[in-house]
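Raw contents of entry-v7.txt, compact mmCIF, N, CA and C atoms and all ligand atoms:
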# COMPACT_ATOMS: atom_id res chain seq x y z
N MET R 794 -25.06 41.56 50.92
CA MET R 794 -24.36 42.69 50.27
C MET R 794 -23.09 42.18 49.60
N LYS R 795 -22.93 42.59 48.37
CA LYS R 795 -21.76 42.13 47.61
C LYS R 795 -20.54 43.00 47.94
N ALA R 796 -19.43 42.35 48.19
CA ALA R 796 -18.21 43.10 48.49
C ALA R 796 -17.72 43.82 47.23
N ALA R 797 -17.12 44.98 47.43
CA ALA R 797 -16.57 45.72 46.31
C ALA R 797 -15.44 44.90 45.67
N ALA R 798 -15.37 44.98 44.35
CA ALA R 798 -14.31 44.25 43.64
C ALA R 798 -12.95 44.84 44.02
N THR R 799 -11.99 43.97 44.08
CA THR R 799 -10.63 44.41 44.33
C THR R 799 -10.11 45.18 43.13
N THR R 800 -9.52 46.33 43.38
CA THR R 800 -8.90 47.09 42.31
C THR R 800 -7.42 46.72 42.23
N VAL R 801 -6.93 46.62 41.03
CA VAL R 801 -5.51 46.34 40.84
C VAL R 801 -4.82 47.63 40.42
N GLN R 802 -3.81 48.02 41.15
CA GLN R 802 -3.09 49.25 40.85
C GLN R 802 -1.70 48.93 40.31
N VAL R 803 -1.41 49.51 39.17
CA VAL R 803 -0.11 49.28 38.52
C VAL R 803 0.50 50.63 38.17
N PRO R 804 1.74 50.88 38.59
CA PRO R 804 2.40 52.13 38.18
C PRO R 804 2.59 52.14 36.66
N GLU R 805 2.42 53.31 36.09
CA GLU R 805 2.55 53.47 34.65
C GLU R 805 3.90 52.95 34.13
N GLU R 806 4.94 53.23 34.87
CA GLU R 806 6.30 52.79 34.46
C GLU R 806 6.40 51.28 34.34
N LEU R 807 5.75 50.61 35.30
CA LEU R 807 5.81 49.15 35.31
C LEU R 807 5.02 48.58 34.14
N LEU R 808 3.88 49.20 33.85
CA LEU R 808 3.09 48.77 32.71
C LEU R 808 3.88 48.95 31.42
N ASP R 809 4.60 50.06 31.32
CA ASP R 809 5.43 50.30 30.14
C ASP R 809 6.51 49.22 30.00
N ALA R 810 7.06 48.81 31.13
CA ALA R 810 8.10 47.76 31.10
C ALA R 810 7.50 46.43 30.63
N ILE R 811 6.28 46.15 31.05
CA ILE R 811 5.61 44.92 30.61
C ILE R 811 5.38 44.98 29.10
N PHE R 812 4.88 46.12 28.63
CA PHE R 812 4.64 46.28 27.19
C PHE R 812 5.93 46.12 26.40
N GLU R 813 6.99 46.71 26.91
CA GLU R 813 8.27 46.64 26.21
C GLU R 813 8.74 45.19 26.08
N GLY R 814 8.62 44.45 27.18
CA GLY R 814 8.99 43.03 27.15
C GLY R 814 8.13 42.24 26.17
N ALA R 815 6.85 42.56 26.14
CA ALA R 815 5.93 41.85 25.25
C ALA R 815 6.26 42.14 23.79
N ARG R 816 6.59 43.39 23.50
CA ARG R 816 6.94 43.77 22.13
C ARG R 816 8.24 43.10 21.68
N ARG R 817 9.17 43.00 22.63
CA ARG R 817 10.47 42.42 22.31
C ARG R 817 10.33 40.94 21.93
N LEU R 818 9.43 40.23 22.62
CA LEU R 818 9.28 38.80 22.35
C LEU R 818 8.26 38.49 21.27
N TYR R 819 7.45 39.47 20.93
CA TYR R 819 6.42 39.26 19.92
C TYR R 819 7.03 38.66 18.67
N PRO R 820 6.48 37.65 17.99
CA PRO R 820 5.17 37.05 18.23
C PRO R 820 5.15 35.93 19.27
N LYS R 821 6.23 35.73 19.99
CA LYS R 821 6.16 34.78 21.10
C LYS R 821 5.51 35.46 22.29
N GLU R 822 5.08 34.66 23.24
CA GLU R 822 4.48 35.22 24.45
C GLU R 822 5.55 35.58 25.46
N THR R 823 5.33 36.66 26.17
CA THR R 823 6.16 36.97 27.30
C THR R 823 5.45 36.50 28.56
N PHE R 824 6.22 36.23 29.58
CA PHE R 824 5.64 35.79 30.84
C PHE R 824 6.49 36.31 31.99
N MET R 825 5.86 36.98 32.94
CA MET R 825 6.59 37.50 34.10
C MET R 825 5.72 37.37 35.35
N LEU R 826 6.40 37.46 36.47
CA LEU R 826 5.68 37.42 37.75
C LEU R 826 5.49 38.84 38.26
N LEU R 827 4.42 39.02 38.99
CA LEU R 827 4.13 40.33 39.57
C LEU R 827 4.33 40.25 41.08
N ARG R 828 5.13 41.16 41.56
CA ARG R 828 5.34 41.24 43.00
C ARG R 828 4.56 42.45 43.52
N GLY R 829 4.06 42.34 44.72
CA GLY R 829 3.31 43.48 45.23
C GLY R 829 2.75 43.20 46.61
N LYS R 830 1.75 44.00 46.96
CA LYS R 830 1.12 43.79 48.26
C LYS R 830 -0.39 44.04 48.16
N LYS R 831 -1.08 43.41 49.07
CA LYS R 831 -2.53 43.54 49.06
C LYS R 831 -2.96 44.39 50.25
N SER R 832 -3.86 45.31 50.00
CA SER R 832 -4.48 46.02 51.11
C SER R 832 -5.97 45.69 51.06
N LYS R 833 -6.76 46.40 51.81
CA LYS R 833 -8.16 46.01 51.96
C LYS R 833 -8.89 45.75 50.65
N ASN R 834 -8.94 46.75 49.79
CA ASN R 834 -9.70 46.57 48.55
C ASN R 834 -8.85 46.73 47.30
N ALA R 835 -7.54 46.58 47.48
CA ALA R 835 -6.68 46.77 46.32
C ALA R 835 -5.47 45.84 46.37
N ILE R 836 -4.97 45.56 45.20
CA ILE R 836 -3.69 44.87 45.07
C ILE R 836 -2.75 45.84 44.37
N HIS R 837 -1.66 46.16 45.04
CA HIS R 837 -0.70 47.11 44.49
C HIS R 837 0.45 46.31 43.89
N VAL R 838 0.62 46.42 42.59
CA VAL R 838 1.75 45.76 41.95
C VAL R 838 2.94 46.70 42.06
N THR R 839 4.05 46.21 42.56
CA THR R 839 5.20 47.08 42.79
C THR R 839 6.41 46.72 41.94
N ASP R 840 6.53 45.45 41.57
CA ASP R 840 7.73 45.01 40.84
C ASP R 840 7.39 43.92 39.84
N LEU R 841 8.24 43.84 38.85
CA LEU R 841 8.19 42.73 37.90
C LEU R 841 9.31 41.78 38.22
N VAL R 842 9.03 40.50 38.16
CA VAL R 842 10.08 39.51 38.35
C VAL R 842 10.16 38.68 37.08
N VAL R 843 11.32 38.74 36.45
CA VAL R 843 11.52 37.97 35.23
C VAL R 843 11.91 36.56 35.65
N PRO R 844 11.25 35.55 35.09
CA PRO R 844 11.57 34.17 35.48
C PRO R 844 13.00 33.81 35.07
N PRO R 845 13.52 32.71 35.61
CA PRO R 845 14.89 32.28 35.26
C PRO R 845 15.08 32.21 33.75
N LEU R 846 16.25 32.61 33.32
CA LEU R 846 16.56 32.75 31.90
C LEU R 846 16.23 31.49 31.10
N ALA R 847 16.47 30.34 31.70
CA ALA R 847 16.29 29.08 30.99
C ALA R 847 14.85 28.87 30.52
N VAL R 848 13.90 29.49 31.21
CA VAL R 848 12.51 29.24 30.85
C VAL R 848 11.85 30.46 30.22
N TYR R 849 12.58 31.54 30.11
CA TYR R 849 12.03 32.78 29.59
C TYR R 849 11.72 32.64 28.11
N GLY R 850 10.56 33.11 27.71
CA GLY R 850 10.21 33.05 26.30
C GLY R 850 9.48 31.79 25.88
N TYR R 851 9.20 30.91 26.81
CA TYR R 851 8.47 29.68 26.49
C TYR R 851 6.99 29.95 26.22
N GLY R 852 6.48 31.03 26.78
CA GLY R 852 5.03 31.24 26.73
C GLY R 852 4.40 30.65 27.97
N PHE R 853 3.26 31.16 28.28
CA PHE R 853 2.61 30.83 29.53
C PHE R 853 2.20 29.36 29.62
N ALA R 854 1.64 28.83 28.54
CA ALA R 854 1.10 27.47 28.57
C ALA R 854 2.16 26.42 28.90
N ASN R 855 3.39 26.69 28.48
CA ASN R 855 4.45 25.71 28.69
C ASN R 855 5.33 26.02 29.88
N PHE R 856 4.93 27.01 30.63
CA PHE R 856 5.80 27.45 31.70
C PHE R 856 5.82 26.44 32.85
N PRO R 857 7.00 25.98 33.24
CA PRO R 857 7.08 25.00 34.33
C PRO R 857 6.87 25.67 35.69
N LEU R 858 5.66 25.52 36.21
CA LEU R 858 5.31 26.22 37.44
C LEU R 858 6.17 25.80 38.63
N HIS R 859 6.69 24.59 38.58
CA HIS R 859 7.52 24.12 39.70
C HIS R 859 8.83 24.90 39.79
N MET R 860 9.15 25.65 38.73
CA MET R 860 10.38 26.44 38.78
C MET R 860 10.18 27.82 39.39
N LEU R 861 8.93 28.13 39.69
CA LEU R 861 8.68 29.45 40.28
C LEU R 861 9.16 29.50 41.72
N PRO R 862 9.64 30.67 42.11
CA PRO R 862 10.11 30.80 43.49
C PRO R 862 8.95 30.73 44.47
N MET R 863 9.17 30.14 45.60
CA MET R 863 8.17 30.12 46.65
C MET R 863 8.28 31.44 47.40
N ASP R 864 7.54 32.39 46.90
CA ASP R 864 7.73 33.74 47.39
C ASP R 864 6.34 34.35 47.58
N PHE R 865 6.00 34.64 48.79
CA PHE R 865 4.63 35.09 49.06
C PHE R 865 4.41 36.56 48.73
N SER R 866 5.45 37.25 48.28
CA SER R 866 5.22 38.61 47.81
C SER R 866 4.76 38.60 46.34
N ILE R 867 4.73 37.42 45.73
CA ILE R 867 4.24 37.33 44.36
C ILE R 867 2.70 37.39 44.38
N VAL R 868 2.15 38.41 43.74
CA VAL R 868 0.69 38.56 43.76
C VAL R 868 0.02 37.95 42.53
N GLY R 869 0.82 37.62 41.52
CA GLY R 869 0.22 37.02 40.34
C GLY R 869 1.19 36.97 39.18
N THR R 870 0.62 36.80 38.00
CA THR R 870 1.44 36.66 36.80
C THR R 870 0.92 37.60 35.71
N VAL R 871 1.79 37.87 34.77
CA VAL R 871 1.36 38.60 33.57
C VAL R 871 1.94 37.87 32.36
N HIS R 872 1.14 37.72 31.32
CA HIS R 872 1.67 37.20 30.06
C HIS R 872 0.99 37.90 28.91
N SER R 873 1.59 37.75 27.74
CA SER R 873 1.07 38.48 26.59
C SER R 873 0.25 37.56 25.70
N HIS R 874 -0.70 38.14 25.03
CA HIS R 874 -1.45 37.46 23.99
C HIS R 874 -1.15 38.17 22.67
N PRO R 875 -0.25 37.58 21.89
CA PRO R 875 0.13 38.22 20.62
C PRO R 875 -1.07 38.41 19.68
N SER R 876 -2.15 37.67 19.88
CA SER R 876 -3.35 37.82 19.05
C SER R 876 -4.08 39.13 19.36
N GLY R 877 -3.82 39.71 20.54
CA GLY R 877 -4.53 40.91 20.94
C GLY R 877 -5.81 40.63 21.71
N ASN R 878 -6.25 39.38 21.74
CA ASN R 878 -7.44 38.99 22.48
C ASN R 878 -7.13 38.96 23.99
N LEU R 879 -7.91 39.68 24.78
CA LEU R 879 -7.61 39.78 26.22
C LEU R 879 -8.35 38.75 27.06
N THR R 880 -9.06 37.85 26.41
CA THR R 880 -9.80 36.82 27.15
C THR R 880 -8.86 35.70 27.55
N PRO R 881 -8.87 35.33 28.82
CA PRO R 881 -7.99 34.24 29.24
C PRO R 881 -8.49 32.89 28.71
N SER R 882 -7.58 32.01 28.43
CA SER R 882 -7.94 30.67 27.96
C SER R 882 -8.12 29.75 29.16
N ASP R 883 -8.66 28.57 28.93
CA ASP R 883 -8.77 27.57 30.00
C ASP R 883 -7.40 27.25 30.56
N VAL R 884 -6.43 27.17 29.67
CA VAL R 884 -5.06 26.88 30.09
C VAL R 884 -4.57 27.96 31.06
N ASP R 885 -4.91 29.21 30.77
CA ASP R 885 -4.50 30.30 31.65
C ASP R 885 -5.02 30.07 33.07
N PHE R 886 -6.27 29.67 33.19
CA PHE R 886 -6.82 29.45 34.53
C PHE R 886 -6.25 28.20 35.18
N ASN R 887 -5.90 27.22 34.37
CA ASN R 887 -5.26 26.03 34.94
C ASN R 887 -3.87 26.34 35.48
N HIS R 888 -3.29 27.43 34.98
CA HIS R 888 -1.95 27.82 35.42
C HIS R 888 -1.98 29.01 36.36
N PHE R 889 -3.12 29.24 36.94
CA PHE R 889 -3.27 30.40 37.81
C PHE R 889 -2.27 30.32 38.97
N PHE R 890 -1.60 31.40 39.23
CA PHE R 890 -0.59 31.42 40.30
C PHE R 890 -0.71 32.75 41.02
N GLY R 891 -0.93 32.72 42.31
CA GLY R 891 -1.09 33.96 43.06
C GLY R 891 -2.55 34.40 43.07
N ARG R 892 -2.76 35.71 43.14
CA ARG R 892 -4.12 36.25 43.26
C ARG R 892 -4.68 36.78 41.95
N ILE R 893 -3.80 37.23 41.07
CA ILE R 893 -4.31 37.86 39.84
C ILE R 893 -3.61 37.32 38.60
N LEU R 894 -4.37 37.33 37.52
CA LEU R 894 -3.87 36.94 36.21
C LEU R 894 -4.00 38.17 35.31
N MET R 895 -2.87 38.67 34.87
CA MET R 895 -2.89 39.85 34.01
C MET R 895 -2.54 39.42 32.59
N ILE R 896 -3.30 39.94 31.63
CA ILE R 896 -3.03 39.65 30.22
C ILE R 896 -2.82 40.96 29.49
N VAL R 897 -1.75 41.04 28.73
CA VAL R 897 -1.54 42.20 27.87
C VAL R 897 -1.65 41.73 26.42
N GLY R 898 -2.37 42.50 25.62
CA GLY R 898 -2.61 42.10 24.23
C GLY R 898 -1.94 43.03 23.24
N PHE R 899 -1.57 42.48 22.08
CA PHE R 899 -1.06 43.29 20.99
C PHE R 899 -2.06 44.41 20.71
N PRO R 900 -1.66 45.66 20.45
CA PRO R 900 -0.30 46.15 20.16
C PRO R 900 0.48 46.64 21.39
N PHE R 901 0.06 46.28 22.59
CA PHE R 901 0.82 46.63 23.80
C PHE R 901 1.08 48.14 23.91
N ALA R 902 0.04 48.93 23.76
CA ALA R 902 0.21 50.38 23.70
C ALA R 902 -0.28 51.13 24.93
N ASP R 903 -1.44 50.77 25.46
CA ASP R 903 -1.98 51.51 26.59
C ASP R 903 -2.91 50.63 27.42
N ALA R 904 -3.58 51.24 28.39
CA ALA R 904 -4.40 50.49 29.33
C ALA R 904 -5.55 49.72 28.66
N GLN R 905 -5.87 50.08 27.41
CA GLN R 905 -6.88 49.32 26.66
C GLN R 905 -6.39 47.92 26.32
N ASN R 906 -5.07 47.74 26.38
CA ASN R 906 -4.48 46.46 25.99
C ASN R 906 -4.14 45.60 27.21
N VAL R 907 -4.81 45.86 28.32
CA VAL R 907 -4.54 45.12 29.56
C VAL R 907 -5.85 44.64 30.17
N ALA R 908 -5.87 43.43 30.65
CA ALA R 908 -7.00 42.95 31.44
C ALA R 908 -6.47 42.16 32.62
N VAL R 909 -7.15 42.28 33.76
CA VAL R 909 -6.74 41.56 34.96
C VAL R 909 -7.92 40.75 35.48
N TYR R 910 -7.66 39.53 35.88
CA TYR R 910 -8.70 38.63 36.35
C TYR R 910 -8.35 38.05 37.71
N SER R 911 -9.40 37.78 38.47
CA SER R 911 -9.21 37.07 39.74
C SER R 911 -9.25 35.57 39.46
N SER R 912 -8.96 34.77 40.48
CA SER R 912 -8.91 33.32 40.27
C SER R 912 -10.28 32.74 39.95
N ASN R 913 -11.37 33.45 40.26
CA ASN R 913 -12.68 32.91 39.85
C ASN R 913 -13.16 33.48 38.52
N GLY R 914 -12.24 34.10 37.79
CA GLY R 914 -12.55 34.51 36.42
C GLY R 914 -13.20 35.87 36.30
N GLU R 915 -13.31 36.57 37.39
CA GLU R 915 -13.91 37.90 37.38
C GLU R 915 -12.89 38.91 36.89
N ARG R 916 -13.31 39.79 35.97
CA ARG R 916 -12.40 40.83 35.51
C ARG R 916 -12.33 41.92 36.56
N LEU R 917 -11.13 42.30 36.96
CA LEU R 917 -10.95 43.28 38.02
C LEU R 917 -10.64 44.65 37.43
N PRO R 918 -11.11 45.70 38.10
CA PRO R 918 -10.78 47.04 37.62
C PRO R 918 -9.29 47.33 37.77
N LEU R 919 -8.72 47.95 36.77
CA LEU R 919 -7.31 48.27 36.75
C LEU R 919 -7.13 49.78 36.85
N GLN R 920 -6.22 50.16 37.69
CA GLN R 920 -5.93 51.58 37.86
C GLN R 920 -4.45 51.79 37.60
N VAL R 921 -4.14 52.59 36.59
CA VAL R 921 -2.74 52.88 36.28
C VAL R 921 -2.35 54.13 37.07
N THR R 922 -1.31 54.02 37.87
CA THR R 922 -0.93 55.13 38.75
C THR R 922 0.35 55.79 38.27
N LYS R 923 0.46 57.06 38.54
CA LYS R 923 1.68 57.81 38.24
C LYS R 923 2.31 58.21 39.56
N ASP R 924 3.61 58.01 39.65
CA ASP R 924 4.29 58.35 40.92
C ASP R 924 4.51 59.84 41.03
ZN ZN N 1001 -3.07 33.28 27.85
Mind converting the file's structure to structure tokens?
Ligand SMILES: [Zn+2]
Amino acid sequence: MKAAATTVQVPEELLDAIFEGARRLYPKETFMLLRGKKSKNAIHVTDLVVPPLAVYGYGFANFPLHMLPMDFSIVGTVHSHPSGNLTPSDVDFNHFFGRILMIVGFPFADAQNVAVYSSNGERLPLQVTKD
């Protein structure tokens, strides 16, 4: 029997903050860490963590992973694809950090512009929640 896929839950406000950051840096990539907690069949994203200023705006591919905090409340990462393509690149998987990889694509408007993947490349269902 196949286990149910993990659902990723993101508050609407937090998604808006991600989109806003992505728009601000466009056409460069934005990159942030996702803080949250995992329950049985879901990962709840609760906070955004902006990386240290010195490395902000580099884009995901060039991000120095050794500068990331050793923090086990980090559930994954989010970065933008200014092209609008939501498919992760090989580089994205080589830089996988945490449990989930979230990609937001241009025009950064709604849940259609978001995709979340597990470390084995499976696309996970996303649920946008309102408080
Ligand atoms: Zn990417």
Q.
Around ligand ZN 1001 (chain N), which protein and nucleic acid residues have at least one atom no more than 7 Å from it, if we count all atoms listed in the file? List them as a ChimeraX atom specification.
A. /R:853-854,872-874,880-882,884-885,896
Q. What is the atom CA of R:Thr839-atom CA of R:Leu826 distance in Å, reported with one decimal?
A. 10.9 Å
Q.
Ranking R:Val838, R:Asn887, R:Pro820, R:Met825 by minimum distance to R:Thr870 and counting all atoms listed in the file, which one comes first?
A. R:Met825
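We find atom CA of R:Pro804 and atom CA of R:Lys821 to be spaced 24.6 Å apart.
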Q) What is the distance, in Å and to one decimal place, between atom C of R:Met895 and atom N of R:Ser912? A) 11.2 Å
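Of the residues listed (R:Phe824, R:Tyr819, R:Phe890, R:Phe899), R:Phe890 shows the shortest atom-to-atom separation from R:Val868; distances use only N, CA and C atoms.
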(Q) If you run DSSP on the backbone here, which positions in chain R get strand (DSSP E or B)? Please write them as a VMD selection string. (A) chain R and resid 800 to 804 824 to 831 835 to 842 867 to 874 893 to 898 907 to 911 916 to 917 919 to 922
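The nearest approach to R:Asn906 among the residues R:Lys923, R:Leu879, R:Phe886, R:Gly891, with only C-alpha atoms taken into account, belongs to R:Leu879.
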**Q.** Spatial neighbours of R:Phe865, max dist 8 Å, all atoms listed in the file, sep filter under 3 positions, as a ChimeraX atom specification
**A.** /R:828-830,862,868
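In terms of minimum interatomic distance to R:Asn878, R:Gln905 ranks closest within R:Arg892, R:Gln905, R:Ser911, R:Ser866, counting only C-alpha atoms.
With only N, CA and C atoms as the basis for measurement, R:Phe812 is the residue among R:Phe812, R:Asp840, R:Lys833, R:Thr800 that approaches R:Pro900 most closely.
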Q) With distances taken over only N, CA and C atoms, which of R:Asp883, R:Glu813, R:Glu822, R:Asp924 is nearest to R:Ala902? A) R:Glu813
